[in-house]
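Asker: Dropping in query-v1.pdb, with PDB, C-alpha atoms and all ligand atoms.
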ATOM      1  CA  MET L   1      -7.222   4.175  19.711
ATOM      2  CA  HIS L   2      -5.713   7.586  20.486
ATOM      3  CA  TYR L   3      -2.226   7.403  19.036
ATOM      4  CA  GLN L   4      -0.297  10.214  17.430
ATOM      5  CA  PRO L   5       2.384   8.560  15.305
ATOM      6  CA  LYS L   6       5.432  10.526  14.287
ATOM      7  CA  LYS L   7       5.429  11.389  10.593
ATOM      8  CA  ASP L   8       8.644   9.378  10.119
ATOM      9  CA  LEU L   9       7.544   6.452  12.320
ATOM     10  CA  LEU L  10       8.297   3.893   9.606
ATOM     11  CA  GLN L  11      11.233   5.595   7.886
ATOM     12  CA  ASN L  12      13.434   2.964   6.211
ATOM     13  CA  ARG L  13      11.223   0.129   7.381
ATOM     14  CA  ILE L  14      10.306  -2.469   4.749
ATOM     15  CA  ILE L  15       6.739  -3.665   5.169
ATOM     16  CA  LEU L  16       4.817  -6.261   3.178
ATOM     17  CA  VAL L  17       1.021  -6.044   3.096
ATOM     18  CA  THR L  18      -1.154  -8.905   1.831
ATOM     19  CA  GLY L  19      -4.534  -8.055   0.312
ATOM     20  CA  ALA L  20      -3.015  -4.664  -0.497
ATOM     21  CA  SER L  21      -5.342  -4.223  -3.473
ATOM     22  CA  ASP L  22      -8.507  -3.229  -1.620
ATOM     23  CA  GLY L  23     -10.248  -2.311   1.615
ATOM     24  CA  ILE L  24      -8.187  -2.209   4.796
ATOM     25  CA  GLY L  25      -5.018  -3.552   3.142
ATOM     26  CA  ARG L  26      -5.003  -0.824   0.508
ATOM     27  CA  GLU L  27      -5.395   1.823   3.185
ATOM     28  CA  ALA L  28      -2.656   0.238   5.321
ATOM     29  CA  ALA L  29      -0.250   0.246   2.353
ATOM     30  CA  LEU L  30      -0.942   3.937   1.672
ATOM     31  CA  THR L  31      -0.698   4.812   5.366
ATOM     32  CA  TYR L  32       2.593   2.965   5.881
ATOM     33  CA  ALA L  33       4.043   4.710   2.818
ATOM     34  CA  ARG L  34       2.920   8.105   4.183
ATOM     35  CA  HIS L  35       4.941   7.354   7.327
ATOM     36  CA  GLY L  36       8.101   6.604   5.389
ATOM     37  CA  ALA L  37       7.942   2.836   4.835
ATOM     38  CA  HIS L  38       9.077   0.988   1.731
ATOM     39  CA  VAL L  39       5.906  -0.943   1.052
ATOM     40  CA  ILE L  40       5.710  -4.295  -0.702
ATOM     41  CA  LEU L  41       2.256  -4.872  -2.162
ATOM     42  CA  LEU L  42       0.958  -8.417  -2.354
ATOM     43  CA  GLY L  43      -2.333  -9.446  -3.934
ATOM     44  CA  ARG L  44      -3.909 -11.550  -6.648
ATOM     45  CA  ASN L  45      -4.964  -8.769  -9.019
ATOM     46  CA  GLU L  46      -2.108  -7.047 -10.801
ATOM     47  CA  ASP L  47      -4.180  -4.106 -12.091
ATOM     48  CA  LYS L  48      -5.545  -3.255  -8.639
ATOM     49  CA  LEU L  49      -2.055  -3.498  -7.131
ATOM     50  CA  ARG L  50      -0.716  -1.194  -9.847
ATOM     51  CA  ASP L  51      -3.382   1.383  -8.911
ATOM     52  CA  VAL L  52      -2.232   1.288  -5.289
ATOM     53  CA  ALA L  53       1.418   1.599  -6.344
ATOM     54  CA  GLN L  54       0.489   4.623  -8.470
ATOM     55  CA  ALA L  55      -1.427   6.211  -5.602
ATOM     56  CA  ILE L  56       1.621   5.806  -3.343
ATOM     57  CA  ALA L  57       3.917   7.231  -6.014
ATOM     58  CA  SER L  58       1.614  10.196  -6.633
ATOM     59  CA  GLU L  59       1.832  11.068  -2.916
ATOM     60  CA  GLY L  60       5.625  10.971  -3.100
ATOM     61  CA  GLY L  61       6.013   7.681  -1.217
ATOM     62  CA  ALA L  62       9.108   5.496  -1.447
ATOM     63  CA  PRO L  63       9.184   3.155  -4.465
ATOM     64  CA  THR L  64       7.053   0.046  -4.065
ATOM     65  CA  HIS L  65       7.286  -3.451  -5.466
ATOM     66  CA  GLN L  66       4.221  -5.507  -6.212
ATOM     67  CA  TYR L  67       3.967  -9.273  -6.415
ATOM     68  CA  THR L  68       0.981 -11.440  -7.203
ATOM     69  CA  LEU L  69       0.043 -14.518  -5.250
ATOM     70  CA  ASP L  70      -3.373 -16.155  -5.092
ATOM     71  CA  LEU L  71      -3.756 -17.498  -1.566
ATOM     72  CA  LEU L  72      -6.527 -19.795  -2.748
ATOM     73  CA  THR L  73      -4.233 -21.829  -4.968
ATOM     74  CA  CYS L  74      -0.737 -21.106  -3.652
ATOM     75  CA  THR L  75       1.544 -23.979  -2.704
ATOM     76  CA  PRO L  76       4.369 -23.900  -0.140
ATOM     77  CA  GLU L  77       6.859 -23.996  -3.033
ATOM     78  CA  GLU L  78       5.241 -20.969  -4.720
ATOM     79  CA  CYS L  79       5.507 -19.072  -1.447
ATOM     80  CA  GLN L  80       9.188 -20.038  -1.153
ATOM     81  CA  GLN L  81       9.733 -18.824  -4.734
ATOM     82  CA  LEU L  82       8.033 -15.545  -3.891
ATOM     83  CA  ALA L  83      10.237 -15.137  -0.804
ATOM     84  CA  ARG L  84      13.320 -15.701  -2.978
ATOM     85  CA  ARG L  85      12.128 -12.993  -5.395
ATOM     86  CA  ILE L  86      11.554 -10.589  -2.521
ATOM     87  CA  ALA L  87      14.986 -11.446  -1.056
ATOM     88  CA  ALA L  88      16.546 -10.517  -4.415
ATOM     89  CA  ASP L  89      14.952  -7.049  -4.149
ATOM     90  CA  TYR L  90      15.117  -6.372  -0.380
ATOM     91  CA  PRO L  91      17.627  -7.213   2.373
ATOM     92  CA  ARG L  92      14.981  -7.897   5.041
ATOM     93  CA  LEU L  93      11.378  -7.425   6.081
ATOM     94  CA  ASP L  94      10.672  -5.232   9.103
ATOM     95  CA  GLY L  95       6.967  -5.929   9.008
ATOM     96  CA  VAL L  96       4.391  -8.229   7.458
ATOM     97  CA  LEU L  97       0.685  -7.424   7.671
ATOM     98  CA  HIS L  98      -1.370 -10.513   6.886
ATOM     99  CA  ASN L  99      -4.557  -8.757   5.897
ATOM    100  CA  ALA L 100      -5.950 -10.709   2.906
ATOM    101  CA  GLY L 101      -9.045 -12.632   3.836
ATOM    102  CA  PHE L 102     -12.000 -14.511   2.411
ATOM    103  CA  LEU L 103     -15.441 -14.431   4.005
ATOM    104  CA  GLY L 104     -17.064 -17.474   2.386
ATOM    105  CA  GLU L 105     -20.698 -17.989   3.301
ATOM    106  CA  VAL L 106     -22.614 -16.535   6.230
ATOM    107  CA  ARG L 107     -25.035 -19.372   6.971
ATOM    108  CA  PRO L 108     -25.580 -22.123   9.560
ATOM    109  CA  MET L 109     -23.062 -24.939   9.935
ATOM    110  CA  ASP L 110     -25.405 -27.555   8.470
ATOM    111  CA  GLN L 111     -25.623 -25.465   5.292
ATOM    112  CA  GLN L 112     -21.945 -24.566   4.870
ATOM    113  CA  THR L 113     -20.770 -25.785   1.457
ATOM    114  CA  PRO L 114     -17.774 -28.068   2.040
ATOM    115  CA  GLU L 115     -15.872 -26.644  -0.968
ATOM    116  CA  ILE L 116     -16.313 -23.089   0.270
ATOM    117  CA  TRP L 117     -15.343 -24.152   3.801
ATOM    118  CA  GLN L 118     -12.081 -25.476   2.358
ATOM    119  CA  GLN L 119     -11.517 -22.295   0.355
ATOM    120  CA  VAL L 120     -11.922 -20.114   3.448
ATOM    121  CA  MET L 121      -9.461 -22.314   5.349
ATOM    122  CA  GLN L 122      -7.067 -22.290   2.397
ATOM    123  CA  VAL L 123      -6.991 -18.486   2.056
ATOM    124  CA  ASN L 124      -7.219 -17.476   5.725
ATOM    125  CA  VAL L 125      -5.172 -20.251   7.333
ATOM    126  CA  ASN L 126      -3.177 -22.555   5.030
ATOM    127  CA  GLY L 127      -1.994 -20.020   2.448
ATOM    128  CA  THR L 128      -1.281 -17.519   5.198
ATOM    129  CA  PHE L 129       0.787 -20.153   7.002
ATOM    130  CA  PHE L 130       2.741 -21.157   3.849
ATOM    131  CA  LEU L 131       3.539 -17.510   3.220
ATOM    132  CA  THR L 132       4.526 -16.874   6.839
ATOM    133  CA  GLN L 133       6.875 -19.852   6.826
ATOM    134  CA  ALA L 134       8.523 -18.607   3.633
ATOM    135  CA  LEU L 135       8.903 -15.028   4.886
ATOM    136  CA  LEU L 136      10.233 -15.786   8.385
ATOM    137  CA  PRO L 137      13.925 -15.800   7.368
ATOM    138  CA  LEU L 138      13.520 -12.297   5.893
ATOM    139  CA  LEU L 139      11.690 -11.093   9.011
ATOM    140  CA  LEU L 140      14.486 -12.444  11.192
ATOM    141  CA  GLN L 141      16.951 -10.224   9.299
ATOM    142  CA  SER L 142      15.272  -7.201  10.909
ATOM    143  CA  ASP L 143      16.400  -5.984  14.317
ATOM    144  CA  SER L 144      12.750  -5.326  15.275
ATOM    145  CA  GLY L 145      10.404  -7.311  13.057
ATOM    146  CA  SER L 146       6.637  -7.110  13.470
ATOM    147  CA  LEU L 147       4.377  -9.856  12.173
ATOM    148  CA  VAL L 148       0.693  -8.929  12.310
ATOM    149  CA  PHE L 149      -2.241 -11.210  11.571
ATOM    150  CA  THR L 150      -5.817 -10.083  10.999
ATOM    151  CA  SER L 151      -8.418 -11.604  13.237
ATOM    152  CA  SER L 152     -12.075 -10.798  13.893
ATOM    153  CA  SER L 153     -14.433 -10.671  16.847
ATOM    154  CA  VAL L 154     -15.776 -14.047  15.640
ATOM    155  CA  GLY L 155     -12.241 -15.399  16.001
ATOM    156  CA  ARG L 156     -12.483 -14.936  19.759
ATOM    157  CA  GLN L 157     -16.133 -15.741  20.427
ATOM    158  CA  GLY L 158     -18.043 -18.012  18.063
ATOM    159  CA  ARG L 159     -21.264 -16.664  16.599
ATOM    160  CA  ALA L 160     -24.108 -18.449  14.780
ATOM    161  CA  ASN L 161     -23.767 -18.488  10.977
ATOM    162  CA  TRP L 162     -20.122 -17.432  10.838
ATOM    163  CA  GLY L 163     -18.999 -21.003  10.076
ATOM    164  CA  ALA L 164     -15.662 -21.398   8.335
ATOM    165  CA  TYR L 165     -14.745 -17.727   8.667
ATOM    166  CA  ALA L 166     -15.044 -17.842  12.476
ATOM    167  CA  ALA L 167     -13.124 -21.128  12.666
ATOM    168  CA  SER L 168     -10.395 -19.688  10.410
ATOM    169  CA  LYS L 169     -10.018 -16.617  12.590
ATOM    170  CA  PHE L 170      -9.724 -18.775  15.748
ATOM    171  CA  ALA L 171      -6.947 -20.607  13.871
ATOM    172  CA  THR L 172      -5.342 -17.270  13.058
ATOM    173  CA  GLU L 173      -5.298 -16.284  16.728
ATOM    174  CA  GLY L 174      -3.765 -19.683  17.522
ATOM    175  CA  MET L 175      -1.083 -19.350  14.846
ATOM    176  CA  MET L 176      -0.195 -15.929  16.233
ATOM    177  CA  GLN L 177       0.130 -17.249  19.807
ATOM    178  CA  VAL L 178       2.320 -20.200  18.787
ATOM    179  CA  LEU L 179       4.647 -18.011  16.716
ATOM    180  CA  ALA L 180       4.835 -15.330  19.393
ATOM    181  CA  GLU L 181       6.065 -17.875  21.920
ATOM    182  CA  GLU L 182       8.504 -19.467  19.485
ATOM    183  CA  TYR L 183      10.146 -16.127  18.674
ATOM    184  CA  GLN L 184       9.898 -14.567  22.140
ATOM    185  CA  SER L 185      13.643 -14.392  22.603
ATOM    186  CA  ARG L 186      14.320 -13.156  19.040
ATOM    187  CA  HIS L 187      13.788  -9.749  17.448
ATOM    188  CA  LEU L 188      10.326 -10.646  16.164
ATOM    189  CA  ARG L 189       6.998  -9.798  17.722
ATOM    190  CA  VAL L 190       3.769 -11.411  16.583
ATOM    191  CA  ASN L 191       0.304 -10.000  17.233
ATOM    192  CA  CYS L 192      -3.261  -9.898  15.898
ATOM    193  CA  ILE L 193      -5.504  -7.004  14.968
ATOM    194  CA  ASN L 194      -9.273  -7.241  15.049
ATOM    195  CA  PRO L 195     -10.323  -4.343  12.787
ATOM    196  CA  GLY L 196     -13.936  -4.342  14.053
ATOM    197  CA  GLY L 197     -16.775  -3.531  11.641
ATOM    198  CA  THR L 198     -15.179  -1.429   8.889
ATOM    199  CA  ARG L 199     -16.583   0.036   5.663
ATOM    200  CA  THR L 200     -15.276  -2.351   2.989
ATOM    201  CA  GLY L 201     -16.579  -4.694   0.317
ATOM    202  CA  MET L 202     -16.257  -7.698   2.610
ATOM    203  CA  ARG L 203     -18.270  -6.016   5.331
ATOM    204  CA  ALA L 204     -21.001  -5.051   2.845
ATOM    205  CA  SER L 205     -21.310  -8.640   1.651
ATOM    206  CA  ALA L 206     -21.523  -9.914   5.240
ATOM    207  CA  PHE L 207     -24.149  -7.338   6.275
ATOM    208  CA  PRO L 208     -25.965  -6.227   3.081
ATOM    209  CA  SER L 209     -28.725  -4.394   4.997
ATOM    210  CA  GLU L 210     -26.339  -2.334   7.120
ATOM    211  CA  ASP L 211     -25.897   1.386   6.485
ATOM    212  CA  PRO L 212     -22.174   1.628   5.612
ATOM    213  CA  LEU L 213     -22.105   5.244   6.759
ATOM    214  CA  LYS L 214     -22.506   3.986  10.334
ATOM    215  CA  LEU L 215     -19.155   2.215  10.078
ATOM    216  CA  LYS L 216     -15.621   3.461  10.560
ATOM    217  CA  THR L 217     -13.602   3.686   7.367
ATOM    218  CA  PRO L 218     -10.291   1.862   6.871
ATOM    219  CA  ALA L 219      -8.548   5.235   7.362
ATOM    220  CA  ASP L 220     -10.205   5.630  10.795
ATOM    221  CA  ILE L 221      -8.650   2.425  12.125
ATOM    222  CA  MET L 222      -5.083   3.053  10.949
ATOM    223  CA  PRO L 223      -3.651   4.252  14.289
ATOM    224  CA  LEU L 224      -3.412   0.668  15.597
ATOM    225  CA  TYR L 225      -1.991  -0.551  12.273
ATOM    226  CA  LEU L 226       0.734   2.077  12.539
ATOM    227  CA  TRP L 227       1.453   1.494  16.201
ATOM    228  CA  LEU L 228       1.968  -2.250  15.712
ATOM    229  CA  MET L 229       4.403  -1.703  12.820
ATOM    230  CA  GLY L 230       6.507   0.938  14.556
ATOM    231  CA  ASP L 231       8.881   0.842  17.491
ATOM    232  CA  ASP L 232       6.293   2.225  19.951
ATOM    233  CA  SER L 233       4.910  -1.332  20.251
ATOM    234  CA  ARG L 234       8.342  -2.940  20.431
ATOM    235  CA  ARG L 235       7.763  -4.986  23.582
ATOM    236  CA  LYS L 236       4.310  -6.269  22.670
ATOM    237  CA  THR L 237       3.996  -9.842  21.475
ATOM    238  CA  GLY L 238       1.437 -12.651  21.611
ATOM    239  CA  MET L 239      -1.416 -10.190  21.948
ATOM    240  CA  THR L 240      -4.635  -9.479  20.124
ATOM    241  CA  PHE L 241      -5.718  -5.871  19.746
ATOM    242  CA  ASP L 242      -8.979  -4.175  18.791
ATOM    243  CA  ALA L 243      -8.706  -1.354  16.279
ATOM    244  CA  GLN L 244     -12.049  -0.131  17.626
ATOM    245  CA  PRO L 245     -11.930  -0.859  21.354
ATOM    246  CA  GLY L 246     -15.346  -0.830  22.977
ATOM    247  CA  ARG L 247     -17.237  -1.421  19.737
ATOM    248  CA  LYS L 248     -20.014  -3.986  20.180
ATOM    249  CA  PRO L 249     -19.517  -6.836  17.641
ATOM    250  CA  GLY L 250     -22.230  -7.357  15.018
ATOM    251  CA  ILE L 251     -24.388  -5.128  12.856
ATOM    252  CA  SER L 252     -24.268  -1.352  13.398
ATOM    253  CA  GLN L 253     -27.692  -0.077  14.450
TER     254      GLN L 253
HETATM  255  P1  LIG I   1     -11.873  -6.633   1.322
HETATM  256  O1  LIG I   1     -12.765  -7.667   0.731
HETATM  257  O2  LIG I   1     -12.144  -5.194   1.077
HETATM  258  O3  LIG I   1     -10.356  -6.931   0.923
HETATM  259  C1  LIG I   1      -9.859  -8.240   1.025
HETATM  260  C2  LIG I   1      -8.466  -8.279   0.456
HETATM  261  O4  LIG I   1      -8.024  -9.638   0.465
HETATM  262  C3  LIG I   1      -8.435  -7.808  -1.012
HETATM  263  O5  LIG I   1      -7.229  -7.157  -1.255
HETATM  264  C4  LIG I   1      -8.526  -9.128  -1.757
HETATM  265  O6  LIG I   1      -7.989  -9.097  -3.074
HETATM  266  C5  LIG I   1      -7.651  -9.998  -0.865
HETATM  267  N1  LIG I   1      -7.895 -11.406  -1.149
HETATM  268  C6  LIG I   1      -9.057 -12.076  -1.064
HETATM  269  N2  LIG I   1      -8.897 -13.349  -1.484
HETATM  270  C7  LIG I   1      -7.601 -13.469  -1.859
HETATM  271  C8  LIG I   1      -6.841 -14.517  -2.412
HETATM  272  N3  LIG I   1      -7.378 -15.695  -2.713
HETATM  273  N4  LIG I   1      -5.528 -14.310  -2.652
HETATM  274  C9  LIG I   1      -4.960 -13.106  -2.407
HETATM  275  N5  LIG I   1      -5.644 -12.061  -1.907
HETATM  276  C10 LIG I   1      -6.955 -12.239  -1.649
HETATM  277  O7  LIG I   1     -11.889  -6.964   2.895
HETATM  278  P2  LIG I   1     -11.489  -6.099   4.181
HETATM  279  O8  LIG I   1     -10.534  -5.033   3.818
HETATM  280  O9  LIG I   1     -12.731  -5.796   4.900
HETATM  281  O10 LIG I   1     -10.748  -7.226   5.050
HETATM  282  C11 LIG I   1      -9.377  -7.194   5.382
HETATM  283  C12 LIG I   1      -9.159  -8.142   6.540
HETATM  284  O11 LIG I   1      -9.871  -7.683   7.690
HETATM  285  C13 LIG I   1      -9.650  -9.567   6.294
HETATM  286  O12 LIG I   1      -8.717 -10.481   6.845
HETATM  287  C14 LIG I   1     -10.957  -9.635   7.050
HETATM  288  O13 LIG I   1     -11.269 -10.941   7.440
HETATM  289  C15 LIG I   1     -10.647  -8.725   8.230
HETATM  290  N6  LIG I   1     -11.808  -8.158   8.903
HETATM  291  C16 LIG I   1     -12.566  -7.191   8.279
HETATM  292  C17 LIG I   1     -13.622  -6.621   8.942
HETATM  293  C18 LIG I   1     -14.479  -5.566   8.301
HETATM  294  O14 LIG I   1     -15.491  -5.152   8.924
HETATM  295  N7  LIG I   1     -14.168  -5.077   7.122
HETATM  296  C19 LIG I   1     -13.971  -7.003  10.329
HETATM  297  C20 LIG I   1     -13.112  -8.029  10.885
HETATM  298  C21 LIG I   1     -12.071  -8.565  10.191
HETATM  299  P3  LIG I   1      -8.870  -8.595  -4.350
HETATM  300  O15 LIG I   1      -8.776  -7.094  -4.327
HETATM  301  O16 LIG I   1      -8.183  -9.220  -5.506
HETATM  302  O17 LIG I   1     -10.271  -9.088  -4.143
END
Could I get this structure in the form of structure tokens?
Ligand code: NDP

Answerer:
Amino acid sequence: MHYQPKKDLLQNRIILVTGASDGIGREAALTYARHGAHVILLGRNEDKLRDVAQAIASEGGAPTHQYTLDLLTCTPEECQQLARRIAADYPRLDGVLHNAGFLGEVRPMDQQTPEIWQQVMQVNVNGTFFLTQALLPLLLQSDSGSLVFTSSSVGRQGRANWGAYAASKFATEGMMQVLAEEYQSRHLRVNCINPGGTRTGMRASAFPSEDPLKLKTPADIMPLYLWLMGDDSRRKTGMTFDAQPGRKPGISQ
């Protein structure tokens, strides 16, 4: 995507990023802070979140808050408690990037372990839904809220061996479409990003034989992440976007 964001694109915007401790989420948190946002870091590992907070501070970014939540075990009540804690620290949320994700197992359907299937659904769908439901009132306090889910090419076209992960990403696209229609007449837009193959730990575990140097880095795909959080995308809702348009899904040759 060729997009030249203004340096102050996200000035005074309050943006929560899930899975902010690593990979694409870490980069998104740093990038949003560089464009003026107050970033709220969410993850399950306090030490890794603290590292990201320190990196933002060392670049002169606005102060961050970090909260821990394990999407694998979280209950709706825990998510409501978290939302109450955030509401005590912030007046609203202008953006939420649902980025945290769990790959599970890449293997045929008849070999998918039921427990791992449930874990993938819990992290990518159920926990993400509980958190969304809890955060909606804060998002509706914004005069131009942006709720962004993270999809995948296997969330639009099924592919052999992608089992629970593919099914969870189809569910993510569905959740986005339902919410987008429900909030169409409010100040909240809801969209999905498909990052496309990106150089992270998750990608390496999905494609261990792939040369990571053939992949875009999280920093390379940030233009779309910025555009969807800023006012330049204000009228877009109910859509799914590719961070790497034209990239052929699957292993990089
Ligand atoms: P990483 O594995 O690098 O990062 C995943 C993030 O999710 C980490 O911050 C991780 O936390 C967090 N996370 C995982 N499980 C939980 C949990 N139970 N509770 C809370 N947080 C959790 O992956 P990527 O950066 O590659 O992936 C980011 C998103 O992009 C995912 O939704 C993924 O499905 C999607 N995606 C990625 C692609 C790629 O090629 N990289 C392609 C298509 C989609 P921790 O640091 O504690 O492990």

Asker: Do you have the atom CA of L:Ser58-atom CA of L:Pro223 distance handy?

Answerer: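 Atom-to-atom, atom CA of L:Ser58 and atom CA of L:Pro223 are spaced 22.4 Å apart.
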
Asker: For L:Ala160, find every residue with an atom within 10 Å (counting only C-alpha atoms), except residues of its own chain fewer than 6 positions away, and show them as a VMD selection string.

Answerer: chain L and resid 106 to 109 154 166

Asker: What are the closest atom pairs, with distances in Å to one decimal, for all residues of chain L lying within 7 Å of ligand LIG 1 (chain I)? Consider all atoms listed in the file, order rows by chain and residue number, and present the result as a Markdown table.

Answerer:
| residue | atom | partner | partner_atom | distance |
| --- | --- | --- | --- | --- |
| L:Thr18 | CA | I:LIG1 | N5 | 6.6 |
| L:Gly19 | CA | I:LIG1 | O5 | 3.2 |
| L:Ala20 | CA | I:LIG1 | O5 | 5.0 |
| L:Ser21 | CA | I:LIG1 | O5 | 4.1 |
| L:Asp22 | CA | I:LIG1 | O5 | 4.1 |
| L:Gly23 | CA | I:LIG1 | O2 | 3.5 |
| L:Ile24 | CA | I:LIG1 | O8 | 3.8 |
| L:Gly25 | CA | I:LIG1 | O8 | 5.8 |
| L:Arg26 | CA | I:LIG1 | O5 | 6.9 |
| L:Gly43 | CA | I:LIG1 | N5 | 4.7 |
| L:Arg44 | CA | I:LIG1 | C9 | 4.6 |
| L:Asn45 | CA | I:LIG1 | O16 | 4.8 |
| L:Lys48 | CA | I:LIG1 | O15 | 6.6 |
| L:Leu69 | CA | I:LIG1 | C9 | 5.9 |
| L:Asp70 | CA | I:LIG1 | N4 | 3.7 |
| L:Leu71 | CA | I:LIG1 | N4 | 3.8 |
| L:Leu72 | CA | I:LIG1 | N3 | 4.2 |
| L:Asn99 | CA | I:LIG1 | O12 | 4.6 |
| L:Ala100 | CA | I:LIG1 | O4 | 3.4 |
| L:Gly101 | CA | I:LIG1 | O12 | 3.7 |
| L:Phe102 | CA | I:LIG1 | N2 | 5.1 |
| L:Leu103 | CA | I:LIG1 | O13 | 6.4 |
| L:Val123 | CA | I:LIG1 | N3 | 5.5 |
| L:Thr150 | CA | I:LIG1 | O12 | 5.1 |
| L:Ser151 | CA | I:LIG1 | C21 | 5.6 |
| L:Ser152 | CA | I:LIG1 | C20 | 4.2 |
| L:Ser153 | CA | I:LIG1 | C20 | 6.7 |
| L:Asn194 | CA | I:LIG1 | C20 | 5.7 |
| L:Pro195 | CA | I:LIG1 | C20 | 5.0 |
| L:Gly196 | CA | I:LIG1 | C19 | 4.6 |
| L:Gly197 | CA | I:LIG1 | O14 | 3.4 |
| L:Thr198 | CA | I:LIG1 | O14 | 3.7 |
| L:Arg199 | CA | I:LIG1 | N7 | 5.8 |
| L:Thr200 | CA | I:LIG1 | O2 | 4.6 |
| L:Gly201 | CA | I:LIG1 | O2 | 4.5 |
| L:Met202 | CA | I:LIG1 | O1 | 4.0 |
| L:Arg203 | CA | I:LIG1 | N7 | 4.6 |

Asker: Could you work out an axis-aligned box for stretch 186-199 of chain L, taking every atom the file lists and adding 8 Å on each side, and report centre and edge lengths in Å to one decimal, as lines of an AutoDock Vina configuration file?

Answerer:
center_x = -1.2
center_y = -6.6
center_z = 12.4
size_x = 47.1
size_y = 29.2
size_z = 29.4

Asker: Write out as a Markdown table the residues of stretch 74-158 of chain L that have any atom within 8 Å of an atom of stretch 173-193 of chain L, one row each with the nearest atom pair and its distance in Å to one decimal, counting only C-alpha atoms, sorted by chain and then rising number.

Answerer:
| residue | atom | partner | partner_atom | distance |
| --- | --- | --- | --- | --- |
| L:Leu139 | CA | L:Leu188 | CA | 7.3 |
| L:Leu140 | CA | L:Leu188 | CA | 6.7 |
| L:Ser142 | CA | L:His187 | CA | 7.2 |
| L:Asp143 | CA | L:His187 | CA | 5.5 |
| L:Ser144 | CA | L:His187 | CA | 5.0 |
| L:Gly145 | CA | L:Leu188 | CA | 4.6 |
| L:Ser146 | CA | L:Arg189 | CA | 5.0 |
| L:Leu147 | CA | L:Val190 | CA | 4.7 |
| L:Val148 | CA | L:Asn191 | CA | 5.1 |
| L:Phe149 | CA | L:Cys192 | CA | 4.6 |
| L:Thr150 | CA | L:Ile193 | CA | 5.0 |
| L:Ser151 | CA | L:Ile193 | CA | 5.7 |
| L:Ser152 | CA | L:Ile193 | CA | 7.7 |
| L:Gly155 | CA | L:Glu173 | CA | 7.0 |
| L:Arg156 | CA | L:Glu173 | CA | 7.9 |

Asker: Would you compute the distance between atom CA of L:Tyr67 and atom CA of L:Leu41? Give it in Å to one decimal.

Answerer: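 These atoms are spaced 6.4 Å apart.
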
Asker: To verify the selection step, state as number ranges by chain which residues the PyMOL selection byres (((chain L and resi 117) around 10) and not hetatm) yields on this input.

Answerer: L: 103-105, 109, 112-116, 118-122, 163-165, 167-168

Asker: Which is closest to L:Gln80 among L:Pro218, L:Pro245, L:Pro137, L:Pro63, if we use only C-alpha atoms?

Answerer: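 For L:Gln80, the nearest of the given residues is L:Pro137.
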
Asker: Can you translate the PyMOL selection byres (((chain L and resi 62) around 10) and not hetatm) into the concrete residues it hits in this file, as a short mmCIF file (atom, residue, chain, number, x, y, z; two decimals) with C-alpha atoms, in the frame of the given file?

Answerer:
data_model
loop_
_atom_site.label_atom_id
_atom_site.label_comp_id
_atom_site.auth_asym_id
_atom_site.auth_seq_id
_atom_site.Cartn_x
_atom_site.Cartn_y
_atom_site.Cartn_z
CA GLN L 11 11.23 5.60 7.89
CA ASN L 12 13.43 2.96 6.21
CA ALA L 33 4.04 4.71 2.82
CA ARG L 34 2.92 8.10 4.18
CA HIS L 35 4.94 7.35 7.33
CA GLY L 36 8.10 6.60 5.39
CA ALA L 37 7.94 2.84 4.84
CA HIS L 38 9.08 0.99 1.73
CA VAL L 39 5.91 -0.94 1.05
CA ALA L 53 1.42 1.60 -6.34
CA ILE L 56 1.62 5.81 -3.34
CA ALA L 57 3.92 7.23 -6.01
CA GLU L 59 1.83 11.07 -2.92
CA GLY L 60 5.62 10.97 -3.10
CA GLY L 61 6.01 7.68 -1.22
CA PRO L 63 9.18 3.16 -4.46
CA THR L 64 7.05 0.05 -4.07
CA HIS L 65 7.29 -3.45 -5.47
#

Asker: Which residue, L:Tyr32, L:Gln54, L:Leu16, L:Leu82, has the smallest gap to L:Leu224 when you use only C-alpha atoms?

Answerer: L:Tyr32
